[in-house]
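Asks: Starting off with a structure, shown below.
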Amino acid sequence: MRKKLQLVKQIGKFLLLLILIAATFSYAMFQGGFVSWFLFYSFLPFALYSVLISLYPASDLFVERSFKSSEYKAGDELKVTLTISRKIPFPLFYLVVDDIVTESIFYRASIQRAKAMINPGFRKRVTITYYIKELPRGEHEFTHVRFKTGDFFGIFEKEITVECKNTILVYPSFVDVPYRPLENRYDQGMTSSSVKIQKDTTMATGVREYTPGDRFSWIHWKSFARTNQLMTKEFEERQSHDVLIVLDREKSPAFEQMVTFAASAIRSIIKKGAQVGLVSIGENHIFYPIRSGEDQQQQLLHHLAKVRDNSPFALGKVLQGEGINYQQSATVMFVTSRLSKSLIGSVNNYAKRNTSVVVFLIKERGDLISGEEHGLIALAGSRGVWVKVCYEGNFSTAFSEVKRA
């Protein structure tokens, strides 16, 4: 039905153009004189161009999109280059180019659409460049490029959409957050050691007499062969600074700041040589085991680049219902923008397991702590749960102030 309607419209436009040509020719024939014939001959090229533009195949247009990189950091500037090519050097009076991209990329940009009009003329190859400033975090897809051209009178118009898919990944911005292992000595007097003492069984430093409860694998058999007395290896004790970050993905105006803080903390912890894992609690709960190294950092940041605040439930309710699995020796850091009694109660349960816990309450710049939040912070402190309020633009002191607490 649509094709038939388009065909009828095209025939109607042709008839309109023929009527205009016939009208100007009749005027010149009956009126005579220089002016009337000048009008006819002046109109004739435009009319012929309209006919030719109706026959010009829009499928002759091709496009290629290119970037300097496929990965960026939030706040960077993106330079997009569109290279338009065609086989037939038909003179196009104008060409409207509309780059189709997900609207999320224009979240901070001054422009709201990548659209431009150019005059290709006879050129078979045209390059267009435009910039998008202050890229927002996320995965952004460029899907199609729409072209539109036509004649001088607007009678015949050609429109075609060319598929041209590209994807860029914008990582969260980073802030320099010097990491220091948490010591968890609270003003309220309740303690839970965050620095777990573990035996490094790869390095024996001496032997001692066997005591009931020692592992069979720890027995020093050479000493037993010499003295006929059971001896146990002594190992070097080392401190564990493993960290598990729990990201609250409940809808929040401070969510971008939370992601920035989490990304900065991960980067700083791994740079310090410690291991880190991530629990991302949203519509889908995603768990990344505690590991170290560049691959781990890349994997966590890749997740944080795409993550959305889509949790249907408050973090406190989720923790009460499901809980999280982690190494007993790991420090657990909760990153949220909302405090509640249920959250404090859940976090307190982790503290009772002899696990070091800290809640980072992320606030936007200029956002004040409410009276209710002051009360909840005091309640958390009385239960041995340290709550650190971190404001946007002042994340650098997050770990240093916790250590002094």
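To be explicit about the labels: the chains of the structure tokens are called A, B, and onward in the order shown, and within each one the residues are counted from 1, while ligands get numbers from 1 in the order they are shown.
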Just the helix (DSSP H, G or I) stuff from region 331-364 of chain A, please, per backbone DSSP, written as JSON, numbers by chain.

Replies: {"A": [341, 342, 343, 344, 345, 346, 347, 348, 349, 350, 351]}

Asks: Quick one: DSSP strand (DSSP E or B) residues in region 193-402 of chain A, as a ChimeraX atom specification?

Replies: /A:196-209,219,231-240,243-248,250,276-281,285-291,311,331-336,357-363,386-391

Asks: What lies within 8 Å of region 246-250 of chain A using only C-alpha atoms, ignoring chain neighbours under 5 positions off, as JSON, numbers by chain?

Replies: {"A": [255, 258, 262, 278, 279, 280, 281, 282, 308, 309, 310, 311, 312, 313, 314, 315, 332, 333, 334, 335, 336, 337]}

Asks: I'd like the neighbourhood of region 165-175 of chain A as a ChimeraX atom specification, where a residue qualifies if any of its atoms comes within 7 Å (using only C-alpha atoms), though same-chain residues fewer than 6 positions away should be ignored.

Replies: /A:70-74,136-144,259-260,263-264,301-302,304-305

Asks: Suppose we keep N, CA and C atoms; can you now write the selection as a compact mmCIF listing (two decimals), in the first residue's frame?

Replies:
# COMPACT_ATOMS: atom_id res chain seq x y z
N SER A 70 38.26 3.82 19.91
CA SER A 70 36.94 3.29 20.26
C SER A 70 36.69 3.35 21.76
N GLU A 71 37.69 3.81 22.52
CA GLU A 71 37.56 3.91 23.97
C GLU A 71 37.97 5.30 24.43
N TYR A 72 37.13 5.88 25.30
CA TYR A 72 37.38 7.22 25.80
C TYR A 72 37.11 7.26 27.29
N LYS A 73 37.41 8.38 27.89
CA LYS A 73 37.12 8.62 29.30
C LYS A 73 36.08 9.71 29.41
N ALA A 74 35.20 9.59 30.38
CA ALA A 74 34.13 10.57 30.55
C ALA A 74 34.71 11.98 30.64
N PRO A 136 29.66 11.61 27.92
CA PRO A 136 29.16 10.98 29.14
C PRO A 136 29.58 9.52 29.19
N ARG A 137 29.69 8.99 30.40
CA ARG A 137 30.05 7.59 30.58
C ARG A 137 28.99 6.69 29.94
N GLY A 138 29.43 5.57 29.38
CA GLY A 138 28.48 4.61 28.83
C GLY A 138 28.96 4.03 27.51
N GLU A 139 28.14 3.14 26.98
CA GLU A 139 28.40 2.56 25.67
C GLU A 139 27.45 3.22 24.68
N HIS A 140 28.00 3.88 23.67
CA HIS A 140 27.20 4.66 22.74
C HIS A 140 27.31 4.05 21.33
N GLU A 141 26.16 3.88 20.70
CA GLU A 141 26.11 3.24 19.39
C GLU A 141 25.75 4.25 18.30
N PHE A 142 26.54 4.23 17.25
CA PHE A 142 26.25 4.96 16.02
C PHE A 142 25.70 3.91 15.04
N THR A 143 24.47 4.07 14.60
CA THR A 143 23.82 3.00 13.84
C THR A 143 23.67 3.29 12.35
N HIS A 144 23.18 4.48 12.00
CA HIS A 144 22.89 4.79 10.59
C HIS A 144 23.29 6.23 10.28
N VAL A 259 29.90 6.03 40.67
CA VAL A 259 30.69 5.24 39.71
C VAL A 259 32.11 5.80 39.61
N THR A 260 32.22 7.12 39.59
CA THR A 260 33.55 7.75 39.54
C THR A 260 34.37 7.36 40.77
N ALA A 263 35.37 3.60 40.52
CA ALA A 263 36.43 3.42 39.51
C ALA A 263 37.77 3.93 40.03
N SER A 264 37.74 5.08 40.69
CA SER A 264 38.98 5.66 41.23
C SER A 264 39.56 4.79 42.32
N LEU A 301 36.51 -1.92 35.20
CA LEU A 301 36.22 -0.61 34.59
C LEU A 301 35.31 -0.76 33.38
N HIS A 302 35.45 -1.86 32.68
CA HIS A 302 34.56 -2.11 31.53
C HIS A 302 33.11 -2.25 32.02
N LEU A 304 31.93 -0.91 34.84
CA LEU A 304 31.51 0.40 35.35
C LEU A 304 31.21 1.38 34.21
N ALA A 305 31.78 1.15 33.05
CA ALA A 305 31.49 2.02 31.90
C ALA A 305 30.06 1.82 31.42

Asks: Env of region 155-157 of chain A: 6 Å cut, atoms = only C-alpha atoms, seq-sep filter 5 positions within chain, self excluded. Answer as a JSON list (two decimals) with C-alpha atoms, in the first residue's frame.

Replies:
[["chain", "number", "residue", "atom", "x", "y", "z"],
["A", 54, "SER", "CA", 14.03, 12.27, -9.59],
["A", 149, "THR", "CA", 18.55, 15.82, -1.12],
["A", 150, "GLY", "CA", 16.20, 17.36, -3.68]]

Asks: Give me, as a ChimeraX atom specification, all polymer residues having an atom no more than 12 Å from region 342-345 of chain A, counting only C-alpha atoms and skipping those fewer than 4 positions away in the same chain.

Replies: /A:248,313-321,323,334-338,349-352,357-359,361,373,375-387
